[in-house]
$ cat run_19.tsv   # TSV, N, CA and C atoms
chain	number	residue	atom	x	y	z
A	1	MET	N	104.60	190.71	114.99
A	1	MET	CA	103.70	189.80	115.65
A	1	MET	C	103.08	190.49	116.84
A	2	SER	N	101.99	189.96	117.29
A	2	SER	CA	101.28	190.60	118.40
A	2	SER	C	100.94	189.56	119.46
A	3	ILE	N	100.91	190.00	120.71
A	3	ILE	CA	100.50	189.09	121.77
A	3	ILE	C	98.99	189.15	121.97
A	4	GLU	N	98.30	189.84	121.09
A	4	GLU	CA	96.85	189.96	121.17
A	4	GLU	C	96.16	188.73	120.60
A	5	ASP	N	96.76	187.57	120.76
A	5	ASP	CA	96.18	186.33	120.26
A	5	ASP	C	95.31	185.74	121.36
A	6	PRO	N	93.98	185.77	121.19
A	6	PRO	CA	93.09	185.27	122.24
A	6	PRO	C	93.33	183.80	122.57
A	7	ALA	N	93.84	183.05	121.63
A	7	ALA	CA	94.09	181.63	121.88
A	7	ALA	C	95.16	181.43	122.95
A	8	LEU	N	96.04	182.41	123.12
A	8	LEU	CA	97.12	182.28	124.09
A	8	LEU	C	96.76	182.86	125.46
A	9	ASP	N	95.76	183.72	125.52
A	9	ASP	CA	95.44	184.42	126.75
A	9	ASP	C	95.08	183.51	127.91
A	10	ASP	N	94.33	182.46	127.66
A	10	ASP	CA	93.84	181.61	128.74
A	10	ASP	C	94.69	180.36	128.97
A	11	GLN	N	95.77	180.23	128.24
A	11	GLN	CA	96.58	179.02	128.34
A	11	GLN	C	97.79	179.27	129.24
A	12	PRO	N	98.07	178.29	130.13
A	12	PRO	CA	99.33	178.40	130.87
A	12	PRO	C	100.49	178.30	129.88
A	13	VAL	N	101.65	178.81	130.28
A	13	VAL	CA	102.80	178.84	129.38
A	13	VAL	C	103.11	177.46	128.84
A	14	GLU	N	103.06	176.44	129.69
A	14	GLU	CA	103.44	175.11	129.22
A	14	GLU	C	102.45	174.55	128.20
A	15	ASP	N	101.24	175.14	128.09
A	15	ASP	CA	100.25	174.68	127.13
A	15	ASP	C	100.22	175.54	125.87
A	16	ALA	N	101.07	176.56	125.78
A	16	ALA	CA	101.08	177.41	124.60
A	16	ALA	C	101.45	176.56	123.39
A	17	PRO	N	100.87	176.85	122.23
A	17	PRO	CA	101.13	176.02	121.06
A	17	PRO	C	102.56	176.15	120.58
A	18	LEU	N	103.29	175.05	120.56
A	18	LEU	CA	104.68	175.07	120.12
A	18	LEU	C	104.84	174.40	118.77
A	19	ASP	N	103.74	173.95	118.15
A	19	ASP	CA	103.81	173.33	116.83
A	19	ASP	C	104.89	172.25	116.79
A	20	ASP	N	104.93	171.41	117.79
A	20	ASP	CA	105.88	170.30	117.87
A	20	ASP	C	107.34	170.75	117.88
A	21	VAL	N	107.60	171.97	118.27
A	21	VAL	CA	108.97	172.47	118.37
A	21	VAL	C	109.28	172.67	119.84
A	22	SER	N	110.28	171.94	120.34
A	22	SER	CA	110.67	172.16	121.73
A	22	SER	C	111.60	173.37	121.78
A	23	LEU	N	111.66	174.00	122.92
A	23	LEU	CA	112.53	175.16	123.07
A	23	LEU	C	114.00	174.77	122.93
A	24	ASP	N	114.36	173.56	123.38
A	24	ASP	CA	115.74	173.10	123.21
A	24	ASP	C	116.08	172.93	121.73
A	25	ASP	N	115.13	172.34	120.96
A	25	ASP	CA	115.35	172.18	119.52
A	25	ASP	C	115.44	173.54	118.83
A	26	LEU	N	114.59	174.47	119.27
A	26	LEU	CA	114.61	175.81	118.69
A	26	LEU	C	115.95	176.49	118.98
A	27	SER	N	116.47	176.33	120.19
A	27	SER	CA	117.76	176.90	120.55
A	27	SER	C	118.87	176.33	119.66
A	28	LEU	N	118.84	175.02	119.45
A	28	LEU	CA	119.84	174.39	118.57
A	28	LEU	C	119.73	174.93	117.15
A	29	ASP	N	118.51	175.04	116.64
A	29	ASP	CA	118.29	175.54	115.29
A	29	ASP	C	118.80	176.98	115.15
A	30	LEU	N	118.48	177.81	116.13
A	30	LEU	CA	118.92	179.21	116.09
A	30	LEU	C	120.44	179.31	116.18
A	31	THR	N	121.05	178.48	117.02
A	31	THR	CA	122.51	178.46	117.14
A	31	THR	C	123.15	178.13	115.79
A	32	ASP	N	122.62	177.09	115.15
A	32	ASP	CA	123.15	176.69	113.83
A	32	ASP	C	122.95	177.81	112.80
A	33	ALA	N	121.78	178.45	112.83
A	33	ALA	CA	121.49	179.51	111.87
A	33	ALA	C	122.45	180.69	112.04
A	34	LEU	N	122.78	181.03	113.28
A	34	LEU	CA	123.67	182.17	113.52
A	34	LEU	C	125.08	181.91	113.03
A	35	ARG	N	125.49	180.66	113.01
A	35	ARG	CA	126.84	180.33	112.54
A	35	ARG	C	127.02	180.67	111.06
A	36	GLY	N	125.92	180.78	110.34
A	36	GLY	CA	126.00	181.12	108.92
A	36	GLY	C	125.84	182.59	108.61
A	37	VAL	N	125.69	183.42	109.63
A	37	VAL	CA	125.49	184.86	109.41
A	37	VAL	C	126.84	185.52	109.11
A	38	GLU	N	126.86	186.32	108.04
A	38	GLU	CA	128.08	187.02	107.66
A	38	GLU	C	128.52	187.95	108.79
A	39	GLY	N	129.79	187.85	109.16
A	39	GLY	CA	130.34	188.68	110.23
A	39	GLY	C	130.38	187.99	111.58
A	40	VAL	N	129.69	186.85	111.72
A	40	VAL	CA	129.71	186.09	112.97
A	40	VAL	C	130.85	185.10	112.91
A	41	VAL	N	131.76	185.21	113.87
A	41	VAL	CA	132.91	184.30	113.95
A	41	VAL	C	132.55	183.06	114.76
A	42	GLU	N	131.79	183.27	115.84
A	42	GLU	CA	131.39	182.16	116.71
A	42	GLU	C	130.14	182.56	117.47
A	43	VAL	N	129.34	181.56	117.82
A	43	VAL	CA	128.18	181.78	118.68
A	43	VAL	C	128.60	181.42	120.09
A	44	LEU	N	128.38	182.34	121.02
A	44	LEU	CA	128.75	182.15	122.42
A	44	LEU	C	127.52	181.81	123.24
A	45	ASP	N	127.70	181.22	124.40
A	45	ASP	CA	126.57	180.90	125.27
A	45	ASP	C	125.97	182.19	125.79
A	46	ALA	N	124.67	182.39	125.56
A	46	ALA	CA	124.00	183.63	125.95
A	46	ALA	C	123.55	183.62	127.40
A	47	ARG	N	123.54	182.43	128.01
A	47	ARG	CA	123.10	182.35	129.41
A	47	ARG	C	124.17	182.90	130.33
A	48	PRO	N	123.78	183.36	131.52
A	48	PRO	CA	124.78	183.80	132.49
A	48	PRO	C	125.79	182.68	132.74
A	49	VAL	N	127.03	183.05	133.03
A	49	VAL	CA	128.12	182.08	133.17
A	49	VAL	C	127.80	181.01	134.21
A	50	VAL	N	127.24	181.40	135.34
A	50	VAL	CA	126.94	180.42	136.40
A	50	VAL	C	125.89	179.43	135.92
A	51	VAL	N	124.84	179.91	135.26
A	51	VAL	CA	123.79	179.03	134.74
A	51	VAL	C	124.36	178.08	133.70
A	52	ALA	N	125.19	178.59	132.80
A	52	ALA	CA	125.80	177.76	131.78
A	52	ALA	C	126.69	176.68	132.40
A	53	ALA	N	127.45	177.04	133.44
A	53	ALA	CA	128.34	176.07	134.09
A	53	ALA	C	127.54	174.98	134.80
A	54	ILE	N	126.49	175.38	135.51
A	54	ILE	CA	125.64	174.39	136.20
A	54	ILE	C	124.98	173.46	135.20
A	55	THR	N	124.50	174.01	134.11
A	55	THR	CA	123.86	173.19	133.08
A	55	THR	C	124.85	172.21	132.46
A	56	ALA	N	126.07	172.68	132.20
A	56	ALA	CA	127.09	171.80	131.62
A	56	ALA	C	127.42	170.65	132.55
A	57	VAL	N	127.53	170.93	133.84
A	57	VAL	CA	127.81	169.87	134.82
A	57	VAL	C	126.63	168.90	134.88
A	58	ALA	N	125.41	169.43	134.94
A	58	ALA	CA	124.23	168.57	135.01
A	58	ALA	C	124.11	167.70	133.76
A	59	ASP	N	124.39	168.27	132.60
A	59	ASP	CA	124.34	167.49	131.37
A	59	ASP	C	125.39	166.39	131.37
A	60	GLY	N	126.55	166.68	131.94
A	60	GLY	CA	127.60	165.67	132.02
A	60	GLY	C	127.22	164.52	132.93
A	61	ILE	N	126.48	164.83	133.99
A	61	ILE	CA	126.08	163.80	134.94
A	61	ILE	C	124.98	162.92	134.37
A	62	ASP	N	123.94	163.55	133.80
A	62	ASP	CA	122.79	162.76	133.33
A	62	ASP	C	122.86	162.44	131.84
A	63	GLY	N	123.97	162.78	131.18
A	63	GLY	CA	124.11	162.44	129.77
A	63	GLY	C	123.19	163.24	128.87
A	64	GLY	N	122.90	164.46	129.25
A	64	GLY	CA	122.01	165.31	128.46
A	64	GLY	C	122.53	165.48	127.04
A	65	GLY	N	121.60	165.64	126.12
A	65	GLY	CA	121.96	165.81	124.72
A	65	GLY	C	122.53	167.18	124.44
A	66	PRO	N	122.78	167.43	123.18
A	66	PRO	CA	123.35	168.73	122.82
A	66	PRO	C	122.38	169.87	123.12
A	67	ARG	N	122.93	170.99	123.52
A	67	ARG	CA	122.14	172.18	123.82
A	67	ARG	C	122.57	173.31	122.91
A	68	GLY	N	121.60	174.13	122.56
A	68	GLY	CA	121.92	175.32	121.79
A	68	GLY	C	122.51	176.38	122.70
A	69	LEU	N	123.18	177.33	122.10
A	69	LEU	CA	123.81	178.40	122.85
A	69	LEU	C	122.93	179.65	122.91
A	70	VAL	N	121.84	179.65	122.16
A	70	VAL	CA	120.89	180.76	122.18
A	70	VAL	C	119.89	180.50	123.30
A	71	ASP	N	119.69	181.50	124.14
A	71	ASP	CA	118.76	181.37	125.27
A	71	ASP	C	117.35	181.66	124.78
A	72	VAL	N	116.44	180.70	124.98
A	72	VAL	CA	115.06	180.82	124.50
A	72	VAL	C	114.13	180.57	125.68
A	73	VAL	N	113.26	181.56	125.97
A	73	VAL	CA	112.33	181.45	127.10
A	73	VAL	C	110.95	181.88	126.63
A	74	LEU	N	109.96	181.03	126.88
A	74	LEU	CA	108.58	181.34	126.53
A	74	LEU	C	107.81	181.66	127.80
A	75	THR	N	107.28	182.87	127.86
A	75	THR	CA	106.52	183.32	129.03
A	75	THR	C	105.27	184.06	128.57
A	76	GLY	N	104.11	183.49	128.87
A	76	GLY	CA	102.85	184.17	128.60
A	76	GLY	C	102.65	184.63	127.17
A	77	GLY	N	103.01	183.83	126.20
A	77	GLY	CA	102.81	184.19	124.81
A	77	GLY	C	103.89	185.06	124.22
A	78	VAL	N	104.96	185.30	124.97
A	78	VAL	CA	106.10	186.08	124.47
A	78	VAL	C	107.33	185.19	124.51
A	79	LEU	N	107.98	185.06	123.38
A	79	LEU	CA	109.21	184.28	123.28
A	79	LEU	C	110.39	185.24	123.34
A	80	SER	N	111.21	185.11	124.39
A	80	SER	CA	112.42	185.92	124.52
A	80	SER	C	113.59	185.12	123.98
A	81	VAL	N	114.30	185.70	123.05
A	81	VAL	CA	115.44	185.04	122.43
A	81	VAL	C	116.67	185.92	122.65
A	82	ALA	N	117.69	185.35	123.29
A	82	ALA	CA	118.93	186.10	123.54
A	82	ALA	C	120.10	185.34	122.95
A	83	ALA	N	120.94	186.07	122.23
A	83	ALA	CA	122.12	185.47	121.62
A	83	ALA	C	123.33	186.33	121.88
A	84	SER	N	124.47	185.67	121.97
A	84	SER	CA	125.74	186.37	122.12
A	84	SER	C	126.67	185.81	121.05
A	85	VAL	N	127.26	186.69	120.28
A	85	VAL	CA	128.11	186.24	119.19
A	85	VAL	C	129.46	186.96	119.24
A	86	ALA	N	130.47	186.29	118.69
A	86	ALA	CA	131.76	186.92	118.46
A	86	ALA	C	131.74	187.41	117.03
A	87	THR	N	132.12	188.67	116.82
A	87	THR	CA	132.06	189.25	115.48
A	87	THR	C	133.45	189.56	114.95
A	88	ASP	N	133.54	189.55	113.65
A	88	ASP	CA	134.79	189.85	112.96
A	88	ASP	C	134.97	191.36	112.87
A	89	VAL	N	136.18	191.86	113.09
A	89	VAL	CA	136.41	193.30	113.01
A	89	VAL	C	136.28	193.81	111.59
A	90	GLY	N	136.30	192.93	110.62
A	90	GLY	CA	136.20	193.33	109.22
A	90	GLY	C	134.80	193.76	108.81
A	91	THR	N	133.81	193.44	109.61
A	91	THR	CA	132.43	193.83	109.34
A	91	THR	C	131.96	194.70	110.49
A	92	PRO	N	131.33	195.83	110.21
A	92	PRO	CA	130.86	196.67	111.32
A	92	PRO	C	129.92	195.89	112.24
A	93	THR	N	130.20	195.94	113.53
A	93	THR	CA	129.42	195.18	114.50
A	93	THR	C	127.93	195.51	114.46
A	94	PRO	N	127.51	196.77	114.34
A	94	PRO	CA	126.07	197.04	114.27
A	94	PRO	C	125.40	196.34	113.08
A	95	VAL	N	126.12	196.25	111.97
A	95	VAL	CA	125.58	195.57	110.79
A	95	VAL	C	125.42	194.07	111.08
A	96	THR	N	126.44	193.49	111.69
A	96	THR	CA	126.38	192.06	112.04
A	96	THR	C	125.25	191.80	113.03
A	97	LEU	N	125.11	192.64	114.04
A	97	LEU	CA	124.05	192.44	115.03
A	97	LEU	C	122.67	192.61	114.42
A	98	ALA	N	122.53	193.50	113.45
A	98	ALA	CA	121.25	193.64	112.76
A	98	ALA	C	120.93	192.36	111.99
A	99	ARG	N	121.93	191.77	111.35
A	99	ARG	CA	121.73	190.49	110.64
A	99	ARG	C	121.35	189.39	111.62
A	100	VAL	N	122.05	189.34	112.76
A	100	VAL	CA	121.77	188.34	113.79
A	100	VAL	C	120.32	188.48	114.27
A	101	ALA	N	119.90	189.70	114.59
A	101	ALA	CA	118.54	189.93	115.08
A	101	ALA	C	117.51	189.52	114.04
A	102	ALA	N	117.77	189.82	112.78
A	102	ALA	CA	116.82	189.46	111.72
A	102	ALA	C	116.68	187.94	111.59
A	103	VAL	N	117.80	187.24	111.67
A	103	VAL	CA	117.76	185.76	111.58
A	103	VAL	C	116.99	185.19	112.77
A	104	LEU	N	117.28	185.68	113.97
A	104	LEU	CA	116.58	185.19	115.16
A	104	LEU	C	115.08	185.45	115.05
A	105	GLN	N	114.70	186.66	114.66
A	105	GLN	CA	113.30	187.03	114.54
A	105	GLN	C	112.59	186.16	113.51
A	106	ASP	N	113.20	186.01	112.33
A	106	ASP	CA	112.57	185.24	111.25
A	106	ASP	C	112.45	183.76	111.60
A	107	ARG	N	113.53	183.17	112.11
A	107	ARG	CA	113.52	181.72	112.39
A	107	ARG	C	112.59	181.39	113.54
A	108	ALA	N	112.69	182.14	114.64
A	108	ALA	CA	111.85	181.85	115.81
A	108	ALA	C	110.39	182.15	115.50
A	109	GLY	N	110.14	183.28	114.85
A	109	GLY	CA	108.77	183.64	114.52
A	109	GLY	C	108.14	182.68	113.54
A	110	GLY	N	108.94	182.15	112.62
A	110	GLY	CA	108.42	181.20	111.65
A	110	GLY	C	108.05	179.86	112.27
A	111	GLN	N	108.73	179.49	113.33
A	111	GLN	CA	108.47	178.20	113.97
A	111	GLN	C	107.37	178.29	115.03
A	112	LEU	N	107.10	179.49	115.52
A	112	LEU	CA	106.09	179.68	116.56
A	112	LEU	C	105.12	180.79	116.17
A	113	PRO	N	104.28	180.53	115.16
A	113	PRO	CA	103.35	181.58	114.74
A	113	PRO	C	102.37	181.93	115.86
A	114	GLY	N	102.01	183.20	115.94
A	114	GLY	CA	101.08	183.65	116.96
A	114	GLY	C	101.73	184.02	118.27
A	115	VAL	N	103.05	183.86	118.36
A	115	VAL	CA	103.79	184.20	119.57
A	115	VAL	C	104.65	185.41	119.25
A	116	GLU	N	104.63	186.41	120.12
A	116	GLU	CA	105.49	187.58	119.92
A	116	GLU	C	106.93	187.18	120.24
A	117	VAL	N	107.85	187.58	119.38
A	117	VAL	CA	109.25	187.25	119.57
A	117	VAL	C	110.02	188.53	119.89
A	118	VAL	N	110.72	188.52	121.04
A	118	VAL	CA	111.55	189.64	121.47
A	118	VAL	C	113.00	189.16	121.43
A	119	VAL	N	113.83	189.91	120.71
A	119	VAL	CA	115.20	189.48	120.45
A	119	VAL	C	116.21	190.41	121.13
A	120	SER	N	117.25	189.81	121.71
A	120	SER	CA	118.36	190.55	122.28
A	120	SER	C	119.64	189.91	121.75
A	121	ALA	N	120.54	190.73	121.22
A	121	ALA	CA	121.81	190.21	120.71
A	121	ALA	C	122.95	191.06	121.23
A	122	THR	N	123.97	190.39	121.75
A	122	THR	CA	125.17	191.06	122.22
A	122	THR	C	126.37	190.51	121.46
A	123	SER	N	127.46	191.25	121.49
A	123	SER	CA	128.63	190.79	120.74
A	123	SER	C	129.93	191.04	121.48
A	124	ARG	N	130.91	190.29	121.06
A	124	ARG	CA	132.29	190.51	121.45
A	124	ARG	C	133.07	190.59	120.15
A	125	VAL	N	133.86	191.61	120.01
A	125	VAL	CA	134.63	191.78	118.78
A	125	VAL	C	135.91	190.97	118.90
A	126	ILE	N	136.17	190.16	117.87
A	126	ILE	CA	137.36	189.31	117.85
A	126	ILE	C	138.29	189.85	116.77
A	127	GLU	N	139.49	190.20	117.17
A	127	GLU	CA	140.47	190.68	116.19
A	127	GLU	C	141.27	189.52	115.65
A	128	SER	N	141.68	189.67	114.41
A	128	SER	CA	142.54	188.64	113.80
A	128	SER	C	143.86	188.61	114.56
A	129	PRO	N	144.45	187.44	114.69
A	129	PRO	CA	145.75	187.36	115.38
A	129	PRO	C	146.80	188.20	114.66
A	130	LEU	N	147.69	188.79	115.44
A	130	LEU	CA	148.78	189.58	114.87
A	130	LEU	C	149.80	188.65	114.21
A	131	PRO	N	150.35	189.09	113.08
A	131	PRO	CA	151.38	188.24	112.45
A	131	PRO	C	152.61	188.16	113.34
A	132	ARG	N	153.25	187.03	113.31
A	132	ARG	CA	154.45	186.85	114.14
A	132	ARG	C	155.70	187.22	113.42

$ encode --input "run_19.tsv" --output "structure tokens"
Amino acid sequence: MSIEDPALDDQPVEDAPLDDVSLDDLSLDLTDALRGVEGVVEVLDARPVVVAAITAVADGIDGGGPRGLVDVVLTGGVLSVAASVATDVGTPTPVTLARVAAVLQDRAGGQLPGVEVVVSATSRVIESPLPR
């Protein structure tokens, strides 16, 4: 995708075409999609710990709805998508992260045509519990 879309150049970020997809809904969709990726054990909150904690408290106070764990930010025609996943030691982590990045790129790009999608994925390797 390219940010050379003239339709986006003169629009403020909040007016960029979202095709009726809110960023919160997109985050939820991406979170759900990552749970089905082979090698992903769990999807972790990609936001910094302090931001995630403040958001959780604020949601508890005002009864906020469910939030996705994938961080999605739209700035000037560029959609930044960041995900953090726990991976299984049985699958090579680089392979799992490549799958994660492909899912994020395809899903986000498919829902927001004309917007460049930049993906970042991090992982934590989770080992199977030792037998007792």

$ atom_distance --input "run_19.tsv" --atom1 "atom C of Ala102 in chain A" --atom2 "atom C of Ala56 in chain A"
29.2 Å

$ closest_residue --input "run_19.tsv" --among "A:Leu28, A:Ala82, A:Ala98, A:Val41" --to "Ser120 in chain A" --atoms "only C-alpha atoms"
A:Ala82

$ atom_distance --input "run_19.tsv" --atom1 "atom C of Arg124 in chain A" --atom2 "atom C of Pro92 in chain A"
10.0 Å

$ residues_near_point --input "run_19.tsv" --point "(120.5, 182.6, 132.8)" --cutoff "12 Å" --atoms "only C-alpha atoms" --output "PyMOL selection string"
chain A and resi 45-55+69-73+81-83

$ closest_residue --input "run_19.tsv" --among "A:Val37, A:Leu44, A:Val119, A:Leu30" --to "Ser84 in chain A" --atoms "only C-alpha atoms"
A:Leu44

$ closest_residue --input "run_19.tsv" --among "A:Ala86, A:Leu74, A:Leu26, A:Ala33" --to "Val125 in chain A" --atoms "all atoms listed in the file"
A:Ala86

$ atom_distance --input "run_19.tsv" --atom1 "atom N of Ser22 in chain A" --atom2 "atom C of Thr96 in chain A"
25.9 Å

$ select_by_dssp --input "run_19.tsv" --residues "range 10-129 of chain A" --states "alpha helix (DSSP H)" --output "MDAnalysis selection string"
chainID A and resid 23:35 49:62 93:111

$ closest_residue --input "run_19.tsv" --among "A:Ser80, A:Ser27, A:Thr75, A:Thr93" --to "Val118 in chain A" --atoms "only C-alpha atoms"
A:Ser80

$ residues_near_point --input "run_19.tsv" --point "(108.0, 185.1, 119.6)" --cutoff "6 Å" --atoms "only N, CA and C atoms" --output "tab-separated table (two decimals) with N, CA and C atoms, keeping the file's coordinate frame"
chain	number	residue	atom	x	y	z
A	78	VAL	N	104.96	185.30	124.97
A	78	VAL	CA	106.10	186.08	124.47
A	78	VAL	C	107.33	185.19	124.51
A	79	LEU	N	107.98	185.06	123.38
A	79	LEU	CA	109.21	184.28	123.28
A	79	LEU	C	110.39	185.24	123.34
A	80	SER	N	111.21	185.11	124.39
A	80	SER	CA	112.42	185.92	124.52
A	80	SER	C	113.59	185.12	123.98
A	108	ALA	N	112.69	182.14	114.64
A	108	ALA	CA	111.85	181.85	115.81
A	108	ALA	C	110.39	182.15	115.50
A	109	GLY	N	110.14	183.28	114.85
A	109	GLY	CA	108.77	183.64	114.52
A	109	GLY	C	108.14	182.68	113.54
A	115	VAL	N	103.05	183.86	118.36
A	115	VAL	CA	103.79	184.20	119.57
A	115	VAL	C	104.65	185.41	119.25
A	116	GLU	N	104.63	186.41	120.12
A	116	GLU	CA	105.49	187.58	119.92
A	116	GLU	C	106.93	187.18	120.24
A	117	VAL	N	107.85	187.58	119.38
A	117	VAL	CA	109.25	187.25	119.57
A	117	VAL	C	110.02	188.53	119.89
A	118	VAL	N	110.72	188.52	121.04
A	118	VAL	CA	111.55	189.64	121.47
A	118	VAL	C	113.00	189.16	121.43

$ closest_residue --input "run_19.tsv" --among "A:Arg99, A:Gly77, A:Arg107, A:Glu42" --to "Asp29 in chain A" --atoms "all atoms listed in the file"
A:Arg107

$ build_atoms --input "run_19.tsv" --residues "range 38-46 of chain A" --atoms "all heavy atoms" --output "JSON list (two decimals), in the frame of the given file"
[["chain", "number", "residue", "atom", "x", "y", "z"],
["A", 38, "GLU", "N", 126.86, 186.32, 108.04],
["A", 38, "GLU", "CA", 128.08, 187.02, 107.66],
["A", 38, "GLU", "C", 128.52, 187.95, 108.79],
["A", 38, "GLU", "O", 127.72, 188.71, 109.33],
["A", 38, "GLU", "CB", 127.84, 187.83, 106.39],
["A", 38, "GLU", "CG", 129.08, 188.51, 105.88],
["A", 38, "GLU", "CD", 128.82, 189.34, 104.64],
["A", 38, "GLU", "OE1", 127.78, 189.16, 103.99],
["A", 38, "GLU", "OE2", 129.67, 190.20, 104.33],
["A", 39, "GLY", "N", 129.79, 187.85, 109.16],
["A", 39, "GLY", "CA", 130.34, 188.68, 110.23],
["A", 39, "GLY", "C", 130.38, 187.99, 111.58],
["A", 39, "GLY", "O", 131.03, 188.46, 112.51],
["A", 40, "VAL", "N", 129.69, 186.85, 111.72],
["A", 40, "VAL", "CA", 129.71, 186.09, 112.97],
["A", 40, "VAL", "C", 130.85, 185.10, 112.91],
["A", 40, "VAL", "O", 130.93, 184.27, 112.01],
["A", 40, "VAL", "CB", 128.36, 185.36, 113.22],
["A", 40, "VAL", "CG1", 128.48, 184.41, 114.41],
["A", 40, "VAL", "CG2", 127.25, 186.37, 113.44],
["A", 41, "VAL", "N", 131.76, 185.21, 113.87],
["A", 41, "VAL", "CA", 132.91, 184.30, 113.95],
["A", 41, "VAL", "C", 132.55, 183.06, 114.76],
["A", 41, "VAL", "O", 132.91, 181.95, 114.41],
["A", 41, "VAL", "CB", 134.12, 185.02, 114.58],
["A", 41, "VAL", "CG1", 135.28, 184.08, 114.79],
["A", 41, "VAL", "CG2", 134.53, 186.20, 113.73],
["A", 42, "GLU", "N", 131.79, 183.27, 115.84],
["A", 42, "GLU", "CA", 131.39, 182.16, 116.71],
["A", 42, "GLU", "C", 130.14, 182.56, 117.47],
["A", 42, "GLU", "O", 129.92, 183.74, 117.74],
["A", 42, "GLU", "CB", 132.51, 181.81, 117.69],
["A", 42, "GLU", "CG", 132.23, 180.61, 118.57],
["A", 42, "GLU", "CD", 131.98, 179.33, 117.78],
["A", 42, "GLU", "OE1", 132.91, 178.82, 117.15],
["A", 42, "GLU", "OE2", 130.82, 178.87, 117.79],
["A", 43, "VAL", "N", 129.34, 181.56, 117.82],
["A", 43, "VAL", "CA", 128.18, 181.78, 118.68],
["A", 43, "VAL", "C", 128.60, 181.42, 120.09],
["A", 43, "VAL", "O", 129.13, 180.33, 120.34],
["A", 43, "VAL", "CB", 126.97, 180.94, 118.23],
["A", 43, "VAL", "CG1", 125.77, 181.20, 119.13],
["A", 43, "VAL", "CG2", 126.62, 181.22, 116.77],
["A", 44, "LEU", "N", 128.38, 182.34, 121.02],
["A", 44, "LEU", "CA", 128.75, 182.15, 122.42],
["A", 44, "LEU", "C", 127.52, 181.81, 123.24],
["A", 44, "LEU", "O", 126.39, 182.08, 122.81],
["A", 44, "LEU", "CB", 129.41, 183.42, 122.96],
["A", 44, "LEU", "CG", 130.55, 183.98, 122.13],
["A", 44, "LEU", "CD1", 130.96, 185.35, 122.63],
["A", 44, "LEU", "CD2", 131.73, 183.02, 122.13],
["A", 45, "ASP", "N", 127.70, 181.22, 124.40],
["A", 45, "ASP", "CA", 126.57, 180.90, 125.27],
["A", 45, "ASP", "C", 125.97, 182.19, 125.79],
["A", 45, "ASP", "O", 126.66, 183.01, 126.40],
["A", 45, "ASP", "CB", 127.02, 180.00, 126.42],
["A", 45, "ASP", "CG", 125.88, 179.26, 127.06],
["A", 45, "ASP", "OD1", 124.75, 179.80, 127.09],
["A", 45, "ASP", "OD2", 126.10, 178.13, 127.53],
["A", 46, "ALA", "N", 124.67, 182.39, 125.56],
["A", 46, "ALA", "CA", 124.00, 183.63, 125.95],
["A", 46, "ALA", "C", 123.55, 183.62, 127.40],
["A", 46, "ALA", "O", 123.21, 184.66, 127.95],
["A", 46, "ALA", "CB", 122.80, 183.89, 125.04]]
